[in-house]
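Visitor: Below is one structure. I have some questions about it.
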There are 2 protein chains.
Amino acid sequence: MKPVTLKQIAETLGISITTVSKALKDYPDVSKKTKRLVKDLAETLNYKPNAFAVNLRTRESKTIGLIIPEVVHHFFSNVVKGIIAQAEKKGYLVIILQSNESYELEKKQINLLLSKQVDGILISIANGTADFSHLQTAMENDVPLVMFDKIAKIVNCSKIIIDDRKAAYTATKHLIDSGCKKIAHFRGPLMPQNSIDRFLGYKKAIEDHGMLYDSSLVYICEKVNFDEGKLFAQRLVKNHKDVDGIFINGDLVAVGAISALNELGVSIPDQISIVGFSNWFMSSAITPSLTTIDQPGYKMGKKAFKLLYKELKAKKRKQEILPQTVELETTLIKRNSTK
Amino acid sequence: MKPVTLKQIAETLGISITTVSKALKDYPDVSKKTKRLVKDLAETLNYKPNAFAVNLRTRESKTIGLIIPEVVHHFFSNVVKGIIAQAEKKGYLVIILQSNESYELEKKQINLLLSKQVDGILISIANGTADFSHLQTAMENDVPLVMFDKIAKIVNCSKIIIDDRKAAYTATKHLIDSGCKKIAHFRGPLMPQNSIDRFLGYKKAIEDHGMLYDSSLVYICEKVNFDEGKLFAQRLVKNHKDVDGIFINGDLVAVGAISALNELGVSIPDQISIVGFSNWFMSSAITPSLTTIDQPGYKMGKKAFKLLYKELKAKKRKQEILPQTVELETTLIKRNSTK
DNA sequence: GTTAATTTCGAAAACGTTTTCGATGTAAAA
DNA sequence: TTTTACATCGAAAACGTTTTCGAAATTAAC
């Protein structure tokens, strides 16, 4: 009934617990004969080491924590998938927590993970997070921390990101190159660095190409969803009839905008061209298909874990490691919403 | 540098480890004075109990495992969200694994979770799973198991499901009630019970209402994605010009079908009415908006954890508990793809 | 004043593993 | 023979907590 222990194996074999333990782990100071004996008996008794005891002894649990703002999200769920896949490869399990874009929750969850003594933490910070002491706490407690996508530059840890500014620049430039003369921007909320950077990339592209930056052409999406895309597209064609291109932060918003424009009889890309951001799987399916920036979520997840793994390894060897920032390539995917 | 232990508190206070431990847990046989002393010192030293030691001693980790076929999936990600939310409320953390619809992986992951000694397991089984001995193993090892959505009837554990057959019947009947005379069905793969039940509900509704069941009107989706919806819709209008209604397993497939029909100039719902399944968030956004069956993923997640929690509690009290099957209500959401 | 009841404490075992270090015994080298 | 080397084992400490049980100290009862 009760699980088999080293002690039981030792007793039935008439040897010590020490030798059993060492035999199972192929220590050199155990004879081949006893190794066989031990391993065979362990096999037939279906011995499984008590994970709790191993954790206590080795001071690690081969488990990491992951905090993301939202689970039901096409980008983040791809990241999660990448992290889980890579972690499993290396024998690690992943505990997932959701911050709901709330600083308070995020803080609580960091503490929760610390109290559970996860070996490391992966996090994409909430929009509401401006204070980072909880992250510092984690690092001071000697648990490696890696941030991805939504990062805090000020925190001295490894990070994995994309160049939002450059990507937005590329997207906007593509609109310009395809002949757009007046380009609007549906941006994300004011707080997170991502939407700031994407806005800045848009603005720079505009100014670099002899166009006038007009703040009335910038709409702020708070929820970054379909309905906002629809709403702002309707407002845009009403207020600025001469706009012929929109760079939109988020494919979901862009799809909403396309939907509204289709209903209004505005032809895409002839009258208005659209570029989205993130390459959602539906973006290639709608009509017209959406030109967008591919944001490699799965890859980012894998890379994020790899970075954390490096730190875990280094910590085990008691080596200091310098935090590094990895930048993933984004690519412009040209489809039918631009010329 | 090193974390504070009970021992340190005991030594600085000149009392025993026992008393410190009991003081912190408000045992009645510790005086109020020493309780204050201990708690204050623990506070100032920022004492955090060593989770590994607690786990070993109490034989539980307040962690459960979750296995789903796919993380990047609108229904499952909602379930995950519900599970995490409910688990956090009760002080449990969730380790997530993805089976990729593979029996082999699923089996491996069950064993992984068992070796990590999670307190319980939540699972939605893979399409490829026909043998259930790995699940039996879990239950024999005395770790509570609850299945949700994609279940195996034969396994004697608690389950949380919807009545797929009834829901499909309702969906099909709605098509009939709104005047459809010849109704097709895009079903899911042959294996999983869900798509079988939904097919059976469709068939029964057809036969109950004096219509002829025609197997050539049933298309089998293997991948259950947008492209299949598009493809089968195209085939359908080509081969069966008189079909005026389709019940489609999966909103994603349905959206694909709508897209194809729109392109072909087939008007929805005038020429063909469509009912989907699961109420994806995009289904209300497309044109025409999609009539569908709401499948309450978030609620299912919460309920699934609640069931597991009950079993965990019962196990702690060494009570036997009878497995129960909870059925969640589904509702027909009428939109513009049906009359 | 003794006995009984009550309050307060701590020694010690237990959870199951890992690892250090010393103790054997045996074979090879001198 | 003695010395050296090597192979094989096990005792014991350690990881940090929880909990049982008995002992001591204090108070109440008589």
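Scheme for the structure tokens: letters A, B, ... for chains in order shown; per-chain residue numbers from 1; ligand numbers from 1 in order shown.
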Could you write out as a VMD selection string the residues of chain C within 10 Å of chain A, counting only C-alpha atoms (C1' of nucleotides)?
Guide: chain C and resid 15 to 19
Visitor: Quick check for you: according to DSSP on this backbone, which residues of segment 29-266 of chain B are classed as alpha helix (DSSP H)? Reply as a short mmCIF file (atom, residue, chain, number, x, y, z; two decimals) with N, CA and C atoms, in the first residue's frame.
Guide:
```
data_model
loop_
_atom_site.label_atom_id
_atom_site.label_comp_id
_atom_site.auth_asym_id
_atom_site.auth_seq_id
_atom_site.Cartn_x
_atom_site.Cartn_y
_atom_site.Cartn_z
N LYS B 32 0.45 33.01 25.94
CA LYS B 32 0.28 34.18 25.07
C LYS B 32 1.58 34.96 24.97
N LYS B 33 2.30 35.00 26.07
CA LYS B 33 3.52 35.79 26.10
C LYS B 33 4.55 35.24 25.11
N THR B 34 4.81 33.94 25.19
CA THR B 34 5.81 33.38 24.27
C THR B 34 5.31 33.43 22.82
N LYS B 35 4.03 33.30 22.65
CA LYS B 35 3.49 33.43 21.29
C LYS B 35 3.84 34.79 20.69
N ARG B 36 3.62 35.82 21.48
CA ARG B 36 3.96 37.19 21.03
C ARG B 36 5.44 37.27 20.70
N LEU B 37 6.25 36.80 21.61
CA LEU B 37 7.69 36.85 21.41
C LEU B 37 8.10 36.19 20.10
N VAL B 38 7.61 34.98 19.93
CA VAL B 38 7.97 34.20 18.74
C VAL B 38 7.47 34.89 17.48
N LYS B 39 6.21 35.27 17.50
CA LYS B 39 5.64 35.87 16.29
C LYS B 39 6.33 37.16 15.91
N ASP B 40 6.66 37.96 16.93
CA ASP B 40 7.34 39.21 16.65
C ASP B 40 8.70 38.97 16.02
N LEU B 41 9.44 38.05 16.61
CA LEU B 41 10.77 37.78 16.08
C LEU B 41 10.69 37.19 14.67
N ALA B 42 9.73 36.30 14.48
CA ALA B 42 9.55 35.71 13.16
C ALA B 42 9.26 36.80 12.13
N GLU B 43 8.47 37.75 12.56
CA GLU B 43 8.11 38.87 11.68
C GLU B 43 9.34 39.68 11.30
N THR B 44 10.10 40.07 12.34
CA THR B 44 11.26 40.94 12.06
C THR B 44 12.35 40.19 11.29
N LEU B 45 12.47 38.91 11.55
CA LEU B 45 13.49 38.14 10.81
C LEU B 45 12.97 37.72 9.43
N ALA B 51 9.34 25.26 2.51
CA ALA B 51 8.23 24.51 1.89
C ALA B 51 8.58 23.05 1.69
N PHE B 52 9.84 22.77 1.37
CA PHE B 52 10.23 21.39 1.11
C PHE B 52 10.09 20.54 2.37
N ALA B 53 10.51 21.12 3.48
CA ALA B 53 10.41 20.40 4.75
C ALA B 53 8.95 20.18 5.12
N VAL B 54 8.16 21.21 4.93
CA VAL B 54 6.74 21.08 5.23
C VAL B 54 6.11 20.00 4.36
N ASN B 55 6.46 20.04 3.09
CA ASN B 55 5.93 19.02 2.17
C ASN B 55 6.26 17.62 2.66
N LEU B 56 7.53 17.44 3.00
CA LEU B 56 7.99 16.11 3.42
C LEU B 56 7.23 15.66 4.67
N ARG B 57 7.10 16.58 5.58
CA ARG B 57 6.46 16.23 6.85
C ARG B 57 4.95 15.99 6.67
N THR B 58 4.30 16.86 5.95
CA THR B 58 2.84 16.77 5.83
C THR B 58 2.40 15.88 4.67
N HIS B 74 -8.99 28.26 -27.63
CA HIS B 74 -9.85 29.22 -26.94
C HIS B 74 -10.65 28.57 -25.82
N PHE B 75 -11.11 27.35 -26.04
CA PHE B 75 -11.87 26.70 -24.98
C PHE B 75 -10.97 26.30 -23.82
N PHE B 76 -9.90 25.61 -24.11
CA PHE B 76 -9.04 25.12 -23.03
C PHE B 76 -8.37 26.25 -22.26
N SER B 77 -8.02 27.32 -22.94
CA SER B 77 -7.38 28.40 -22.20
C SER B 77 -8.37 29.02 -21.22
N ASN B 78 -9.63 29.01 -21.56
CA ASN B 78 -10.64 29.48 -20.61
C ASN B 78 -10.77 28.52 -19.43
N VAL B 79 -10.72 27.25 -19.71
CA VAL B 79 -10.77 26.26 -18.63
C VAL B 79 -9.56 26.47 -17.70
N VAL B 80 -8.40 26.60 -18.30
CA VAL B 80 -7.18 26.82 -17.51
C VAL B 80 -7.34 28.02 -16.60
N LYS B 81 -7.87 29.08 -17.16
CA LYS B 81 -8.06 30.30 -16.38
C LYS B 81 -8.96 30.04 -15.18
N GLY B 82 -10.04 29.32 -15.42
CA GLY B 82 -10.96 29.00 -14.34
C GLY B 82 -10.31 28.14 -13.26
N ILE B 83 -9.55 27.16 -13.69
CA ILE B 83 -8.88 26.27 -12.74
C ILE B 83 -7.89 27.05 -11.88
N ILE B 84 -7.05 27.84 -12.54
CA ILE B 84 -6.04 28.61 -11.82
C ILE B 84 -6.69 29.54 -10.81
N ALA B 85 -7.75 30.21 -11.24
CA ALA B 85 -8.42 31.17 -10.36
C ALA B 85 -8.95 30.47 -9.10
N GLN B 86 -9.64 29.36 -9.31
CA GLN B 86 -10.25 28.65 -8.19
C GLN B 86 -9.18 28.03 -7.29
N ALA B 87 -8.15 27.50 -7.92
CA ALA B 87 -7.08 26.87 -7.15
C ALA B 87 -6.37 27.90 -6.27
N GLU B 88 -6.11 29.04 -6.83
CA GLU B 88 -5.42 30.08 -6.07
C GLU B 88 -6.23 30.47 -4.84
N LYS B 89 -7.54 30.53 -5.04
CA LYS B 89 -8.43 30.86 -3.92
C LYS B 89 -8.25 29.90 -2.76
N TYR B 103 -1.45 10.02 -26.91
CA TYR B 103 -1.58 9.10 -25.79
C TYR B 103 -0.25 8.87 -25.10
N GLU B 104 0.79 8.71 -25.90
CA GLU B 104 2.11 8.44 -25.34
C GLU B 104 2.56 9.57 -24.42
N LEU B 105 2.40 10.81 -24.91
CA LEU B 105 2.78 11.95 -24.11
C LEU B 105 1.95 12.04 -22.84
N GLU B 106 0.67 11.81 -23.00
CA GLU B 106 -0.24 11.89 -21.86
C GLU B 106 0.20 10.93 -20.76
N LYS B 107 0.53 9.74 -21.18
CA LYS B 107 0.97 8.71 -20.24
C LYS B 107 2.24 9.15 -19.51
N LYS B 108 3.18 9.65 -20.30
CA LYS B 108 4.44 10.10 -19.74
C LYS B 108 4.21 11.21 -18.72
N GLN B 109 3.27 12.09 -19.05
CA GLN B 109 3.03 13.24 -18.19
C GLN B 109 2.33 12.86 -16.89
N ILE B 110 1.45 11.89 -16.98
CA ILE B 110 0.84 11.39 -15.76
C ILE B 110 1.93 10.86 -14.83
N ASN B 111 2.83 10.10 -15.39
CA ASN B 111 3.92 9.56 -14.57
C ASN B 111 4.82 10.66 -14.02
N LEU B 112 5.04 11.67 -14.83
CA LEU B 112 5.83 12.81 -14.39
C LEU B 112 5.17 13.45 -13.17
N LEU B 113 3.87 13.67 -13.28
CA LEU B 113 3.14 14.30 -12.18
C LEU B 113 3.16 13.42 -10.93
N LEU B 114 3.02 12.13 -11.15
CA LEU B 114 3.05 11.22 -10.01
C LEU B 114 4.42 11.25 -9.34
N SER B 115 5.46 11.29 -10.16
CA SER B 115 6.80 11.29 -9.57
C SER B 115 7.07 12.60 -8.83
N SER B 133 -5.03 2.79 -18.48
CA SER B 133 -4.34 2.22 -17.33
C SER B 133 -3.49 3.26 -16.62
N HIS B 134 -3.00 4.25 -17.37
CA HIS B 134 -2.18 5.27 -16.71
C HIS B 134 -3.02 6.08 -15.73
N LEU B 135 -4.29 6.25 -16.07
CA LEU B 135 -5.17 6.99 -15.16
C LEU B 135 -5.51 6.13 -13.94
N GLN B 136 -5.70 4.85 -14.19
CA GLN B 136 -5.93 3.92 -13.08
C GLN B 136 -4.74 3.93 -12.14
N THR B 137 -3.55 3.93 -12.71
CA THR B 137 -2.34 3.97 -11.89
C THR B 137 -2.37 5.15 -10.93
N ALA B 138 -2.73 6.30 -11.47
CA ALA B 138 -2.79 7.50 -10.63
C ALA B 138 -3.74 7.27 -9.46
N MET B 139 -4.91 6.73 -9.76
CA MET B 139 -5.89 6.56 -8.71
C MET B 139 -5.46 5.50 -7.70
N GLU B 140 -4.79 4.46 -8.19
CA GLU B 140 -4.29 3.43 -7.28
C GLU B 140 -3.20 4.00 -6.37
N ASP B 164 -23.15 16.84 -24.49
CA ASP B 164 -22.87 17.14 -25.89
C ASP B 164 -24.03 16.75 -26.79
N ARG B 165 -24.61 15.63 -26.48
CA ARG B 165 -25.68 15.11 -27.31
C ARG B 165 -26.89 16.04 -27.29
N LYS B 166 -27.24 16.43 -26.07
CA LYS B 166 -28.38 17.32 -25.92
C LYS B 166 -28.11 18.67 -26.59
N ALA B 167 -26.89 19.19 -26.37
CA ALA B 167 -26.55 20.49 -26.94
C ALA B 167 -26.63 20.43 -28.47
N ALA B 168 -26.10 19.35 -29.03
CA ALA B 168 -26.14 19.21 -30.49
C ALA B 168 -27.58 19.05 -30.98
N TYR B 169 -28.36 18.37 -30.19
CA TYR B 169 -29.78 18.20 -30.53
C TYR B 169 -30.46 19.57 -30.57
N THR B 170 -30.19 20.36 -29.52
CA THR B 170 -30.77 21.70 -29.45
C THR B 170 -30.36 22.55 -30.65
N ALA B 171 -29.08 22.47 -30.97
CA ALA B 171 -28.57 23.26 -32.10
C ALA B 171 -29.25 22.86 -33.39
N THR B 172 -29.35 21.56 -33.62
CA THR B 172 -29.95 21.07 -34.86
C THR B 172 -31.44 21.39 -34.90
N LYS B 173 -32.07 21.21 -33.75
CA LYS B 173 -33.51 21.50 -33.68
C LYS B 173 -33.77 22.98 -33.99
N HIS B 174 -32.86 23.83 -33.54
CA HIS B 174 -33.02 25.25 -33.83
C HIS B 174 -33.01 25.50 -35.34
N LEU B 175 -32.15 24.77 -36.03
CA LEU B 175 -32.11 24.90 -37.49
C LEU B 175 -33.44 24.44 -38.09
N ILE B 176 -33.91 23.32 -37.57
CA ILE B 176 -35.18 22.78 -38.07
C ILE B 176 -36.32 23.75 -37.80
N ASP B 177 -36.37 24.25 -36.58
CA ASP B 177 -37.44 25.18 -36.19
C ASP B 177 -37.44 26.44 -37.03
N GLN B 193 -15.15 11.14 -27.65
CA GLN B 193 -16.56 10.97 -27.34
C GLN B 193 -17.37 12.22 -27.66
N ASN B 194 -16.76 13.39 -27.46
CA ASN B 194 -17.46 14.64 -27.74
C ASN B 194 -18.05 14.69 -29.13
N SER B 195 -17.18 14.45 -30.10
CA SER B 195 -17.67 14.64 -31.46
C SER B 195 -18.62 13.51 -31.84
N ILE B 196 -18.45 12.37 -31.22
CA ILE B 196 -19.41 11.28 -31.44
C ILE B 196 -20.79 11.71 -30.91
N ASP B 197 -20.78 12.19 -29.67
CA ASP B 197 -22.05 12.58 -29.05
C ASP B 197 -22.73 13.72 -29.80
N ARG B 198 -21.94 14.64 -30.24
CA ARG B 198 -22.54 15.77 -30.97
C ARG B 198 -23.14 15.29 -32.28
N PHE B 199 -22.42 14.38 -32.90
CA PHE B 199 -22.96 13.79 -34.13
C PHE B 199 -24.28 13.06 -33.84
N LEU B 200 -24.29 12.30 -32.75
CA LEU B 200 -25.50 11.54 -32.42
C LEU B 200 -26.67 12.47 -32.11
N GLY B 201 -26.38 13.59 -31.45
CA GLY B 201 -27.43 14.57 -31.16
C GLY B 201 -28.00 15.14 -32.45
N TYR B 202 -27.11 15.41 -33.36
CA TYR B 202 -27.53 15.91 -34.68
C TYR B 202 -28.43 14.90 -35.37
N LYS B 203 -27.97 13.66 -35.36
CA LYS B 203 -28.68 12.61 -36.08
C LYS B 203 -30.08 12.39 -35.48
N LYS B 204 -30.10 12.39 -34.16
CA LYS B 204 -31.37 12.15 -33.48
C LYS B 204 -32.37 13.26 -33.80
N ALA B 205 -31.88 14.50 -33.78
CA ALA B 205 -32.77 15.63 -34.06
C ALA B 205 -33.35 15.51 -35.46
N ILE B 206 -32.46 15.13 -36.39
CA ILE B 206 -32.91 14.95 -37.78
C ILE B 206 -34.03 13.92 -37.83
N GLU B 207 -33.77 12.77 -37.25
CA GLU B 207 -34.72 11.65 -37.35
C GLU B 207 -36.00 11.93 -36.56
N ASP B 208 -35.85 12.63 -35.44
CA ASP B 208 -37.03 12.94 -34.63
C ASP B 208 -38.02 13.86 -35.35
N PHE B 226 -10.04 26.60 -39.12
CA PHE B 226 -10.65 27.52 -40.07
C PHE B 226 -10.65 26.97 -41.50
N ASP B 227 -9.51 26.48 -41.92
CA ASP B 227 -9.37 26.03 -43.30
C ASP B 227 -10.30 24.88 -43.64
N GLU B 228 -10.46 23.97 -42.69
CA GLU B 228 -11.38 22.86 -42.95
C GLU B 228 -12.80 23.36 -43.13
N GLY B 229 -13.15 24.35 -42.34
CA GLY B 229 -14.49 24.93 -42.47
C GLY B 229 -14.71 25.50 -43.86
N LYS B 230 -13.68 26.19 -44.30
CA LYS B 230 -13.75 26.80 -45.63
C LYS B 230 -13.89 25.71 -46.71
N LEU B 231 -13.00 24.75 -46.61
CA LEU B 231 -12.94 23.68 -47.60
C LEU B 231 -14.26 22.92 -47.70
N PHE B 232 -14.78 22.50 -46.55
CA PHE B 232 -15.99 21.68 -46.57
C PHE B 232 -17.21 22.50 -46.99
N ALA B 233 -17.20 23.78 -46.67
CA ALA B 233 -18.31 24.63 -47.11
C ALA B 233 -18.33 24.71 -48.63
N GLN B 234 -17.13 24.86 -49.19
CA GLN B 234 -17.03 24.91 -50.66
C GLN B 234 -17.52 23.60 -51.28
N ARG B 235 -17.07 22.50 -50.72
CA ARG B 235 -17.48 21.20 -51.23
C ARG B 235 -18.99 21.02 -51.11
N LEU B 236 -19.49 21.45 -49.97
CA LEU B 236 -20.91 21.24 -49.70
C LEU B 236 -21.79 21.94 -50.74
N VAL B 237 -21.52 23.22 -50.98
CA VAL B 237 -22.40 23.95 -51.92
C VAL B 237 -22.26 23.40 -53.34
N LYS B 238 -21.12 22.77 -53.60
CA LYS B 238 -20.91 22.20 -54.92
C LYS B 238 -21.69 20.89 -55.05
N ASN B 239 -21.61 20.06 -54.03
CA ASN B 239 -22.20 18.72 -54.11
C ASN B 239 -23.68 18.68 -53.72
N ASP B 251 -16.67 26.58 -33.40
CA ASP B 251 -16.89 27.91 -33.97
C ASP B 251 -15.83 28.28 -34.99
N LEU B 252 -14.62 27.82 -34.76
CA LEU B 252 -13.54 28.15 -35.67
C LEU B 252 -13.86 27.59 -37.06
N VAL B 253 -14.31 26.37 -37.09
CA VAL B 253 -14.70 25.74 -38.35
C VAL B 253 -15.87 26.50 -38.96
N ALA B 254 -16.81 26.88 -38.09
CA ALA B 254 -17.99 27.60 -38.57
C ALA B 254 -17.61 28.94 -39.19
N VAL B 255 -16.69 29.63 -38.54
CA VAL B 255 -16.25 30.92 -39.08
C VAL B 255 -15.58 30.71 -40.44
N GLY B 256 -14.84 29.64 -40.58
CA GLY B 256 -14.25 29.30 -41.87
C GLY B 256 -15.33 29.07 -42.92
N ALA B 257 -16.35 28.36 -42.51
CA ALA B 257 -17.45 28.08 -43.44
C ALA B 257 -18.15 29.37 -43.86
N ILE B 258 -18.40 30.22 -42.89
CA ILE B 258 -19.05 31.50 -43.19
C ILE B 258 -18.21 32.30 -44.16
N SER B 259 -16.90 32.31 -43.92
CA SER B 259 -16.00 33.03 -44.80
C SER B 259 -16.10 32.52 -46.24
N ALA B 260 -16.12 31.18 -46.38
CA ALA B 260 -16.22 30.60 -47.73
C ALA B 260 -17.56 30.94 -48.38
N LEU B 261 -18.62 30.83 -47.61
CA LEU B 261 -19.94 31.11 -48.15
C LEU B 261 -20.07 32.57 -48.55
N ASN B 262 -19.52 33.45 -47.74
CA ASN B 262 -19.52 34.87 -48.10
C ASN B 262 -18.82 35.08 -49.44
N GLU B 263 -17.68 34.44 -49.60
CA GLU B 263 -16.92 34.60 -50.84
C GLU B 263 -17.68 34.05 -52.03
N LEU B 264 -18.41 32.97 -51.80
CA LEU B 264 -19.16 32.33 -52.89
C LEU B 264 -20.48 33.05 -53.17
#
```
Visitor: Residues of chain D near chain A: apply a cut-off of 12 Å, count only C-alpha atoms (C1' of nucleotides), and supply the list as a list in words.
Guide: DC6, DA7, DT8, DC9, DG10, DA11, DA12, DA14, DC15, DG16 and DT17 of chain D
Visitor: Would you list, as a list of chain:residue names, the residues of segment 218-252 of chain B that end up in strand (DSSP E or B) under DSSP run on this structure's backbone?
Guide: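 The strand (DSSP E or B) residues within segment 218-252 of chain B come out as B:Val218, B:Tyr219, B:Ile220, B:Gly245, B:Ile246, B:Phe247, B:Ile248.
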Visitor: Just give me the gap between atom CA of Glu222 of chain B and atom CA of Asn127 of chain B in Å, one decimal is fine.
Guide: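 Value for the atom CA of Glu222 of chain B-atom CA of Asn127 of chain B distance: 10.7 Å.
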